[in-house]
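Colleague: Before we start, here is the structure in question, set down as structure tokens.
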Amino acid sequence: MFSNGTDTDDIFTIDTETGEISLNVDVDDDQLGLYQCEVIVRDPSGREDSALITIDLINVDDPTATESDTNQTNEDTTLTVNAANGVLSNDSDVDDTLTLASFKVADDDTTYSFGDTAVIDAWVSSL
């Protein structure tokens, strides 16, 4: 039992030989926060000492899940793709709101900022 009153038998394991503290489960948001425990060590002659250990479980930035996008248009016709209904519509991030920062056209060394127009006058395999 940790000092915040939370039963951590299912969350943590303390190796009695090495003192290593391990997580047993994937932590949910409601389990984030500070945990304190008093660890008592005892030598073979029965002498013991204790120490208070604080563990701070914090949220991590989960990776963004991105998917490739495909668009097409007829020759001499403008293709307009915006972030909300195009480039980002099939991408997600559980921790953050996604925004489009830049894009590149295949076989072109130019990096375009969001809102820029890229004029493509030849076959391009990917953006």
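Ligands are numbered from 1 in the order shown, chains are lettered A, B, ... in the order of the structure tokens, and residues start at 1 in each chain.
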Could you pull out all residues of chain A with a DSSP call of strand (DSSP E) and give them as a count of residues only?
Modeller: 32
Colleague: If we count only C-alpha atoms and set the cut-off at 8 Å, which residues sit around range 86-95 of chain A, ignoring sequence neighbours fewer than 3 positions away in its own chain? Please answer as a list in words.
Modeller: Asp61, Asp62, Pro63, Thr64, Ala65, Thr66, Glu67, Asp69, Val81, Asn82, Ala83, Leu98, Thr99 and Leu100 of chain A
Colleague: Might you pull out every residue within 12 Å of Ser22 in chain A, with only C-alpha atoms counted and same-chain residues fewer than 3 positions away left off, and present them as a PDB file with N, CA and C atoms, in the first residue's frame?
Modeller:
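Below you can see around_34.pdb, which holds the result:
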```pdb
ATOM      1  N   THR A   8      -1.302  -0.573  -4.777  1.00  0.00           N
ATOM      2  CA  THR A   8      -0.495  -0.643  -5.988  1.00  0.00           C
ATOM      3  C   THR A   8      -0.029  -2.047  -6.304  1.00  0.00           C
ATOM      4  N   ASP A   9      -0.621  -3.047  -5.663  1.00  0.00           N
ATOM      5  CA  ASP A   9      -0.208  -4.426  -5.931  1.00  0.00           C
ATOM      6  C   ASP A   9      -0.321  -4.771  -7.410  1.00  0.00           C
ATOM      7  N   ASP A  10      -1.285  -4.180  -8.095  1.00  0.00           N
ATOM      8  CA  ASP A  10      -1.468  -4.478  -9.509  1.00  0.00           C
ATOM      9  C   ASP A  10      -0.665  -3.553 -10.416  1.00  0.00           C
ATOM     10  N   ILE A  11      -0.115  -2.465  -9.898  1.00  0.00           N
ATOM     11  CA  ILE A  11       0.598  -1.500 -10.729  1.00  0.00           C
ATOM     12  C   ILE A  11       2.108  -1.704 -10.663  1.00  0.00           C
ATOM     13  N   PHE A  12       2.660  -1.838  -9.467  1.00  0.00           N
ATOM     14  CA  PHE A  12       4.107  -1.910  -9.275  1.00  0.00           C
ATOM     15  C   PHE A  12       4.541  -3.255  -8.713  1.00  0.00           C
ATOM     16  N   THR A  13       5.783  -3.591  -9.019  1.00  0.00           N
ATOM     17  CA  THR A  13       6.460  -4.709  -8.385  1.00  0.00           C
ATOM     18  C   THR A  13       7.820  -4.203  -7.927  1.00  0.00           C
ATOM     19  N   ILE A  14       8.196  -4.530  -6.700  1.00  0.00           N
ATOM     20  CA  ILE A  14       9.530  -4.202  -6.197  1.00  0.00           C
ATOM     21  C   ILE A  14      10.288  -5.509  -6.045  1.00  0.00           C
ATOM     22  N   ASP A  15      11.395  -5.624  -6.767  1.00  0.00           N
ATOM     23  CA  ASP A  15      12.237  -6.815  -6.679  1.00  0.00           C
ATOM     24  C   ASP A  15      12.972  -6.775  -5.344  1.00  0.00           C
ATOM     25  N   THR A  16      12.734  -7.757  -4.489  1.00  0.00           N
ATOM     26  CA  THR A  16      13.322  -7.749  -3.144  1.00  0.00           C
ATOM     27  C   THR A  16      14.826  -7.984  -3.159  1.00  0.00           C
ATOM     28  N   THR A  18      16.995  -6.863  -5.864  1.00  0.00           N
ATOM     29  CA  THR A  18      17.699  -5.749  -6.511  1.00  0.00           C
ATOM     30  C   THR A  18      17.143  -4.379  -6.135  1.00  0.00           C
ATOM     31  N   GLY A  19      15.912  -4.328  -5.647  1.00  0.00           N
ATOM     32  CA  GLY A  19      15.275  -3.053  -5.343  1.00  0.00           C
ATOM     33  C   GLY A  19      14.653  -2.390  -6.561  1.00  0.00           C
ATOM     34  N   VAL A  25       1.501  -2.981 -15.488  1.00  0.00           N
ATOM     35  CA  VAL A  25       0.376  -2.759 -16.398  1.00  0.00           C
ATOM     36  C   VAL A  25       0.624  -1.512 -17.230  1.00  0.00           C
ATOM     37  N   ASP A  26      -0.145  -1.371 -18.312  1.00  0.00           N
ATOM     38  CA  ASP A  26      -0.202  -0.104 -19.027  1.00  0.00           C
ATOM     39  C   ASP A  26      -1.048   0.830 -18.181  1.00  0.00           C
ATOM     40  N   VAL A  27      -0.507   1.975 -17.835  1.00  0.00           N
ATOM     41  CA  VAL A  27      -1.147   2.890 -16.892  1.00  0.00           C
ATOM     42  C   VAL A  27      -2.210   3.723 -17.601  1.00  0.00           C
ATOM     43  N   ILE A  55       7.307   8.082  -6.569  1.00  0.00           N
ATOM     44  CA  ILE A  55       7.227   7.742  -7.987  1.00  0.00           C
ATOM     45  C   ILE A  55       6.190   8.662  -8.607  1.00  0.00           C
ATOM     46  N   LEU A  57       4.139   9.142 -11.855  1.00  0.00           N
ATOM     47  CA  LEU A  57       3.692   8.602 -13.133  1.00  0.00           C
ATOM     48  C   LEU A  57       3.122   9.745 -13.956  1.00  0.00           C
TER      49      LEU A  57
END
```
Colleague: Give me, as a ChimeraX atom specification, the residues of chain A that a backbone DSSP run labels helix (DSSP H, G or I).
Modeller: /A:29-31,83-87
Colleague: In Å, how far is it from CA of Asn74 in chain A to CA of Ala101 in chain A?
Modeller: 26.9 Å
Colleague: Would you list the contacts of Thr117 in chain A as an mmCIF file with N, CA and C atoms, in the first residue's frame, taking every protein, DNA or RNA residue within 10 Å and counting only C-alpha atoms, but skipping same-chain residues closer than 4 positions in sequence?
Modeller:
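part_22.cif, written as the output of this step:
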```
data_model
loop_
_atom_site.group_PDB
_atom_site.id
_atom_site.type_symbol
_atom_site.label_atom_id
_atom_site.label_comp_id
_atom_site.auth_asym_id
_atom_site.auth_seq_id
_atom_site.Cartn_x
_atom_site.Cartn_y
_atom_site.Cartn_z
ATOM 1 N N THR A 80 -7.449 21.393 -55.203
ATOM 2 C CA THR A 80 -7.274 22.063 -53.918
ATOM 3 C C THR A 80 -7.519 21.046 -52.814
ATOM 4 N N TYR A 112 7.254 23.560 -48.850
ATOM 5 C CA TYR A 112 6.183 24.549 -48.876
ATOM 6 C C TYR A 112 5.543 24.644 -47.500
ATOM 7 N N SER A 113 5.220 25.862 -47.087
ATOM 8 C CA SER A 113 4.512 26.079 -45.824
ATOM 9 C C SER A 113 3.019 25.918 -46.057
#
```
Colleague: What is the distance between CA of Leu34 in chain A and CA of Glu20 in chain A, in Å to one decimal?
Modeller: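 About the pair CA of Leu34 in chain A and CA of Glu20 in chain A: they are 17.7 Å apart.
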Colleague: Name all residues at most 10 Å from Val41 in chain A (count only C-alpha atoms; drop same-chain ones fewer than 2 positions away) and give them as number ranges by chain.
Modeller: A: 16, 19, 38-39, 43, 46-51
